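**Student:** This is final-v4.tsv (TSV, C-alpha atoms).
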```tsv
chain	number	residue	atom	x	y	z
A	25	MET	CA	0.00	0.00	0.00
A	26	LYS	CA	1.42	3.39	-0.94
A	27	LYS	CA	2.47	5.74	1.85
A	28	LYS	CA	0.04	8.53	0.89
A	29	GLU	CA	-2.90	6.10	0.85
A	30	LYS	CA	-1.96	4.71	4.26
A	31	LEU	CA	-1.73	8.21	5.74
A	32	LEU	CA	-5.14	9.15	4.27
A	33	GLN	CA	-6.77	6.04	5.74
A	34	GLN	CA	-5.16	6.59	9.13
A	35	ARG	CA	-6.39	10.20	9.28
A	36	LEU	CA	-9.92	9.20	8.28
A	37	ARG	CA	-10.09	6.42	10.87
A	38	LYS	CA	-9.24	8.86	13.65
A	39	LEU	CA	-12.08	11.20	12.72
A	40	LYS	CA	-15.83	10.96	12.56
A	41	VAL	CA	-16.36	11.15	8.83
A	42	LYS	CA	-19.34	11.86	6.62
A	43	VAL	CA	-19.15	10.10	3.25
A	44	VAL	CA	-20.42	11.66	0.01
A	45	VAL	CA	-20.32	9.28	-2.95
A	46	GLY	CA	-20.75	10.31	-6.56
A	47	LEU	CA	-21.71	7.44	-8.84
A	48	GLY	CA	-20.22	7.11	-12.30
A	49	ASN	CA	-17.89	5.17	-14.57
A	50	PRO	CA	-14.10	5.62	-14.54
A	51	GLY	CA	-12.19	6.53	-17.67
A	52	ARG	CA	-12.02	9.47	-20.07
A	53	LYS	CA	-14.55	7.96	-22.47
A	54	TYR	CA	-17.31	8.46	-19.88
A	55	GLU	CA	-16.47	12.05	-18.94
A	56	GLY	CA	-19.29	14.48	-19.69
A	57	THR	CA	-21.97	11.77	-19.94
A	58	PRO	CA	-25.28	11.69	-18.03
A	59	HIS	CA	-24.22	8.58	-16.10
A	60	ASN	CA	-21.28	10.54	-14.63
A	61	VAL	CA	-23.05	13.56	-13.15
A	62	GLY	CA	-22.45	12.08	-9.68
A	63	PHE	CA	-18.70	12.19	-10.33
A	64	SER	CA	-19.03	15.78	-11.52
A	65	ALA	CA	-20.82	16.82	-8.32
A	66	VAL	CA	-18.19	15.40	-5.95
A	67	GLU	CA	-15.48	16.93	-8.15
A	68	CYS	CA	-17.25	20.27	-7.76
A	69	LEU	CA	-17.20	19.85	-3.97
A	70	ALA	CA	-13.52	18.91	-4.01
A	71	GLU	CA	-12.72	22.04	-6.00
A	72	ARG	CA	-14.75	24.26	-3.67
A	73	PHE	CA	-13.10	22.92	-0.53
A	74	SER	CA	-9.55	22.37	-1.83
A	75	GLY	CA	-9.65	18.59	-1.86
A	76	THR	CA	-7.42	16.34	-3.94
A	77	PHE	CA	-8.59	12.94	-5.10
A	78	ARG	CA	-6.18	10.08	-4.44
A	79	LYS	CA	-6.52	6.51	-5.63
A	80	SER	CA	-7.28	3.96	-2.94
A	81	LEU	CA	-6.57	0.39	-3.97
A	82	ARG	CA	-8.15	-0.89	-0.76
A	83	PHE	CA	-11.50	0.69	-1.55
A	84	LYS	CA	-11.32	0.58	-5.37
A	85	ALA	CA	-12.10	4.29	-5.37
A	86	GLU	CA	-10.69	7.78	-5.58
A	87	VAL	CA	-11.09	9.60	-2.28
A	88	ALA	CA	-10.65	13.27	-1.31
A	89	LYS	CA	-10.87	14.44	2.30
A	90	VAL	CA	-12.27	17.94	2.88
A	91	ALA	CA	-13.69	20.07	5.68
A	92	ILE	CA	-17.19	21.38	4.98
A	93	GLY	CA	-18.27	23.61	7.83
A	94	SER	CA	-17.68	21.65	11.02
A	95	GLU	CA	-17.76	18.27	9.23
A	96	THR	CA	-14.92	16.12	7.96
A	97	VAL	CA	-16.11	14.68	4.66
A	98	ALA	CA	-14.74	11.93	2.45
A	99	LEU	CA	-15.67	12.56	-1.19
A	100	VAL	CA	-15.68	9.28	-3.08
A	101	LYS	CA	-15.64	8.26	-6.74
A	102	PRO	CA	-15.91	4.44	-7.02
A	103	GLN	CA	-13.63	3.04	-9.73
A	104	THR	CA	-15.50	-0.26	-10.07
A	105	PHE	CA	-17.84	0.87	-12.87
A	106	MET	CA	-21.41	1.85	-12.13
A	107	ASN	CA	-23.05	-1.54	-11.62
A	108	LEU	CA	-20.49	-2.55	-8.96
A	109	SER	CA	-20.41	0.75	-7.07
A	110	GLY	CA	-21.37	-0.95	-3.82
A	111	ASP	CA	-18.07	-2.84	-3.71
A	112	ALA	CA	-16.26	0.41	-3.03
A	113	VAL	CA	-18.90	2.06	-0.85
A	114	GLY	CA	-19.57	-0.92	1.39
A	115	SER	CA	-15.91	-1.62	2.10
A	116	LEU	CA	-15.17	2.04	2.86
A	117	LEU	CA	-18.08	2.38	5.29
A	118	ARG	CA	-17.19	-0.85	7.10
A	119	TYR	CA	-13.49	-0.01	7.39
A	120	HIS	CA	-14.10	3.48	8.78
A	121	LYS	CA	-17.13	2.39	10.84
A	122	VAL	CA	-19.36	4.97	9.15
A	123	PRO	CA	-23.11	4.43	9.78
A	124	GLU	CA	-25.43	4.60	6.79
A	125	SER	CA	-26.98	7.73	8.33
A	126	ASP	CA	-23.71	9.53	7.49
A	127	LEU	CA	-23.77	8.50	3.82
A	128	ILE	CA	-24.98	10.69	0.92
A	129	VAL	CA	-25.11	9.24	-2.60
A	130	LEU	CA	-25.28	11.39	-5.75
A	131	LEU	CA	-26.57	9.78	-8.93
A	132	ASP	CA	-28.19	10.40	-12.31
A	133	ASP	CA	-31.93	9.93	-12.89
A	134	VAL	CA	-33.46	9.61	-16.36
A	135	ASP	CA	-36.97	10.08	-14.95
A	136	LEU	CA	-36.18	13.62	-13.80
A	137	ASP	CA	-36.09	16.46	-16.30
A	138	LEU	CA	-32.65	17.73	-17.15
A	139	GLY	CA	-31.49	20.18	-14.50
A	140	ARG	CA	-33.79	19.14	-11.65
A	141	ILE	CA	-32.55	17.53	-8.47
A	142	ARG	CA	-34.51	15.51	-5.94
A	143	ILE	CA	-33.35	14.74	-2.41
A	144	ARG	CA	-34.69	11.80	-0.43
A	145	PRO	CA	-33.71	10.60	3.06
A	146	ASN	CA	-34.12	6.92	2.08
A	147	GLY	CA	-35.96	4.66	-0.36
A	148	GLY	CA	-35.49	2.10	-3.09
A	149	SER	CA	-33.18	2.09	-6.08
A	150	GLY	CA	-35.80	2.96	-8.71
A	151	GLY	CA	-34.06	0.50	-11.02
A	152	HIS	CA	-30.72	2.36	-10.93
A	153	LYS	CA	-28.13	-0.40	-10.95
A	154	GLY	CA	-25.43	1.65	-9.25
A	155	LEU	CA	-27.75	2.54	-6.39
A	156	THR	CA	-28.95	-1.08	-6.23
A	157	SER	CA	-25.36	-2.20	-5.77
A	158	VAL	CA	-24.77	0.35	-3.00
A	159	MET	CA	-27.91	-0.78	-1.17
A	160	GLN	CA	-26.89	-4.43	-1.43
A	161	HIS	CA	-23.44	-3.82	0.02
A	162	VAL	CA	-24.52	-1.33	2.69
A	163	GLY	CA	-27.42	-3.60	3.63
A	164	THR	CA	-30.12	-0.93	3.65
A	165	GLY	CA	-31.67	1.92	1.73
A	166	GLU	CA	-31.71	4.14	4.82
A	167	PHE	CA	-29.28	6.74	3.53
A	168	VAL	CA	-29.69	10.09	1.81
A	169	ARG	CA	-29.58	10.21	-1.96
A	170	ILE	CA	-29.64	13.15	-4.35
A	171	ARG	CA	-30.98	12.28	-7.79
A	172	MET	CA	-29.75	14.53	-10.59
A	173	GLY	CA	-32.07	14.84	-13.57
A	174	VAL	CA	-30.61	13.91	-16.94
A	175	GLY	CA	-33.85	13.19	-18.82
A	176	ARG	CA	-34.17	10.53	-21.49
A	177	GLY	CA	-32.71	12.43	-24.41
A	178	ILE	CA	-34.46	12.81	-27.73
A	179	GLY	CA	-36.60	9.69	-28.00
A	180	THR	CA	-36.81	7.04	-25.31
A	181	ALA	CA	-35.90	3.90	-27.23
A	182	ASP	CA	-32.34	3.58	-25.97
A	183	VAL	CA	-31.83	4.96	-22.49
A	184	VAL	CA	-28.51	3.13	-22.09
A	185	SER	CA	-27.09	4.88	-25.15
A	186	HIS	CA	-28.34	8.21	-23.79
A	187	VAL	CA	-26.68	7.93	-20.38
A	188	LEU	CA	-23.37	6.76	-21.88
A	189	SER	CA	-23.17	9.46	-24.57
A	190	PRO	CA	-21.83	12.98	-23.94
A	191	PHE	CA	-24.32	15.74	-23.25
A	192	ALA	CA	-25.11	17.93	-26.25
A	193	SER	CA	-23.30	21.27	-26.12
A	194	ALA	CA	-26.65	23.06	-25.81
A	195	HIS	CA	-27.28	21.30	-22.48
A	196	ARG	CA	-23.92	21.87	-20.81
A	197	ASP	CA	-24.91	25.10	-19.06
A	198	SER	CA	-27.94	23.36	-17.53
A	199	VAL	CA	-25.78	20.45	-16.44
A	200	GLY	CA	-23.22	22.81	-14.90
A	201	SER	CA	-25.92	24.66	-12.96
A	202	MET	CA	-27.38	21.37	-11.71
A	203	THR	CA	-23.94	20.23	-10.59
A	204	GLU	CA	-23.42	23.42	-8.60
A	205	ARG	CA	-26.88	23.12	-7.02
A	206	THR	CA	-26.19	19.53	-6.06
A	207	ALA	CA	-23.02	20.63	-4.32
A	208	ASP	CA	-25.04	23.36	-2.58
A	209	ALA	CA	-27.56	20.71	-1.50
A	210	VAL	CA	-24.85	18.54	0.04
A	211	CYS	CA	-23.62	21.53	2.03
A	212	GLU	CA	-27.17	22.26	3.19
A	213	ILE	CA	-27.66	18.66	4.32
A	214	LEU	CA	-24.42	18.73	6.30
A	215	ALA	CA	-25.20	22.10	7.89
A	216	SER	CA	-28.95	21.98	8.47
A	217	GLY	CA	-30.22	18.46	7.77
A	218	VAL	CA	-32.02	16.68	4.98
A	219	ASP	CA	-35.45	18.23	5.63
A	220	SER	CA	-34.07	21.73	5.17
A	221	ALA	CA	-32.34	20.67	1.96
A	222	MET	CA	-35.50	19.02	0.61
A	223	ASN	CA	-37.52	22.18	1.26
A	224	ARG	CA	-34.95	24.29	-0.50
A	225	PHE	CA	-33.99	22.17	-3.51
A	226	ASN	CA	-36.81	19.74	-4.38
A	227	SER	CA	-38.45	22.12	-6.80
A	228	ALA	CA	-37.93	23.57	-10.26
A	229	PRO	CA	-34.41	24.04	-11.72
A	230	GLY	CA	-32.63	27.04	-10.29
A	231	ALA	CA	-34.76	27.27	-7.15
A	232	SER	CA	-32.99	27.84	-3.87
```
So, in terms of structure tokens, how does the structure I just supplied come out?
**Tutor:**
Amino acid sequence: MKKKEKLLQQRLRKLKVKVVVGLGNPGRKYEGTPHNVGFSAVECLAERFSGTFRKSLRFKAEVAKVAIGSETVALVKPQTFMNLSGDAVGSLLRYHKVPESDLIVLLDDVDLDLGRIRIRPNGGSGGHKGLTSVMQHVGTGEFVRIRMGVGRGIGTADVVSHVLSPFASAHRDSVGSMTERTADAVCEILASGVDSAMNRFNSAPGAS
């Protein structure tokens, strides 16, 4: 195990840590696709709070530690590909003894219009395979999730192709605004709780 990774894990184990996971697929070919908006949101948080992602072989993830308000937060990008996201999340929570109540998962949702976000304190997977994997490995659905609307594209025949293809240039401003609002929502949850965040963000795009 590399020295930097060992030091990161040791620091996290000594602290009470909140975990924010962005779901997505690793690799440059998936950058800028609907399926990777979760990655984009945790990257936004890392940039805001001066975090640097480091590869963790133990957790099959990239992890950045940041301070958000009074909270120590681990920002996580699983590197297992979407359908196996729970491998990374489950092992990280168990190792650092993080309860599911301190987990927030950010993911794409084709059933939400592009630009909308929806926060829920718990629930099912809604057919999202990445979220299904997380629930299986964590052992419950009792954790906060923020769904980021990516729509179904033009036509609904091939949703898989839609979520794995780059956003059209005309949509990038909307995606960028949604990413920023998702980061804002995470900060609100950490500072004031999920109910406050739901009241503020579970509405039309741009509402706050």
**Student:** In Å, with one decimal, what is the gap from CA of His161 (chain A) to CA of Leu69 (chain A)?
**Tutor:**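 Taking CA of His161 (chain A) and CA of Leu69 (chain A), their separation equals 24.8 Å.
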**Student:** Which residue, A:Gly154, A:Ile143, A:Lys84, A:Leu108, has the smallest gap to Arg224 (chain A) when you use only C-alpha atoms?
**Tutor:** A:Ile143
**Student:** Name the closest residue to Val134 (chain A) among the candidates A:Asn49, A:Ser227, A:Ser80, A:Ser185; distances are taken between atoms, counting all atoms listed in the file.
**Tutor:**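 Closest to Val134 (chain A) of all the choices is A:Ser185.
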**Student:** Mind giving me the axis-aligned box for region 188-193 of chain A with 6 Å on every side, centre plus edges in Å to one decimal, as AutoDock Vina command-line options?
**Tutor:**
```
--center_x -23.5 --center_y 14.0 --center_z -24.1 --size_x 15.3 --size_y 26.5 --size_z 16.4
```
**Student:** My list of candidates is A:Thr76, A:Thr203, A:Ser94, A:Ser64. Which is closest to Ser216 (chain A) when distances are computed with only C-alpha atoms?
**Tutor:**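 When distances to Ser216 (chain A) are compared using only C-alpha atoms, the smallest one comes from A:Ser94.
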**Student:** If you measure from CA of Glu166 (chain A) to CA of Pro58 (chain A), what distance in Å do you get, rounded to one decimal?
**Tutor:**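 These atoms are spaced 24.9 Å apart.
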**Student:** Pick from A:Ile213, A:Val100, A:Val162, A:Leu127: nearest to Arg78 (chain A), with only C-alpha atoms counted?
**Tutor:**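 Among the listed residues, the smallest separation from Arg78 (chain A) belongs to A:Val100.
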**Student:** Could you check which of A:Val168, A:Val122, A:Ala192, A:Val183 is closest to Asp219 (chain A), using all atoms listed in the file?
**Tutor:**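 Counting all atoms listed in the file, the residue closest to Asp219 (chain A) is A:Val168.
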**Student:** Given only C-alpha atoms as the basis, pick out the residue of A:Thr206, A:Ser220, A:Asn146, A:Gln160 nearest to Ala112 (chain A).
**Tutor:**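 Looking at the shortest contact to Ala112 (chain A), the residue is A:Gln160.
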**Student:** Find the residues near Asp197 (chain A): any atom within 12 Å, counting only C-alpha atoms, skip ones fewer than 5 places away on the same chain, and give them as a compact mmCIF listing (two decimals) with C-alpha atoms, in the coordinates of the input.
**Tutor:**
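Okay, selection_6.txt is ready:
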```
# COMPACT_ATOMS: atom_id res chain seq x y z
CA LEU A 138 -32.65 17.73 -17.15
CA GLY A 139 -31.49 20.18 -14.50
CA PHE A 191 -24.32 15.74 -23.25
CA ALA A 192 -25.11 17.93 -26.25
CA MET A 202 -27.38 21.37 -11.71
CA THR A 203 -23.94 20.23 -10.59
CA GLU A 204 -23.42 23.42 -8.60
CA GLY A 230 -32.63 27.04 -10.29
```
**Student:** Pick out the residues sitting within 9 Å of Val45 (chain A), and hand them over as a list of chain:residue names; count only C-alpha atoms, and ignore anything fewer than 6 positions along from it in its own chain.
**Tutor:**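 Near neighbours after the sequence-gap exclusion: A:Gly62, A:Phe63, A:Val66, A:Ala98, A:Leu99, A:Val100, A:Lys101, A:Pro102, A:Val113, A:Leu127, A:Ile128, A:Val129, A:Leu130, A:Leu131.
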**Student:** Provide the CA of Glu212 (chain A) to CA of Arg140 (chain A) distance in Å, to one decimal place.
**Tutor:**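 These two atoms are separated by 16.5 Å.
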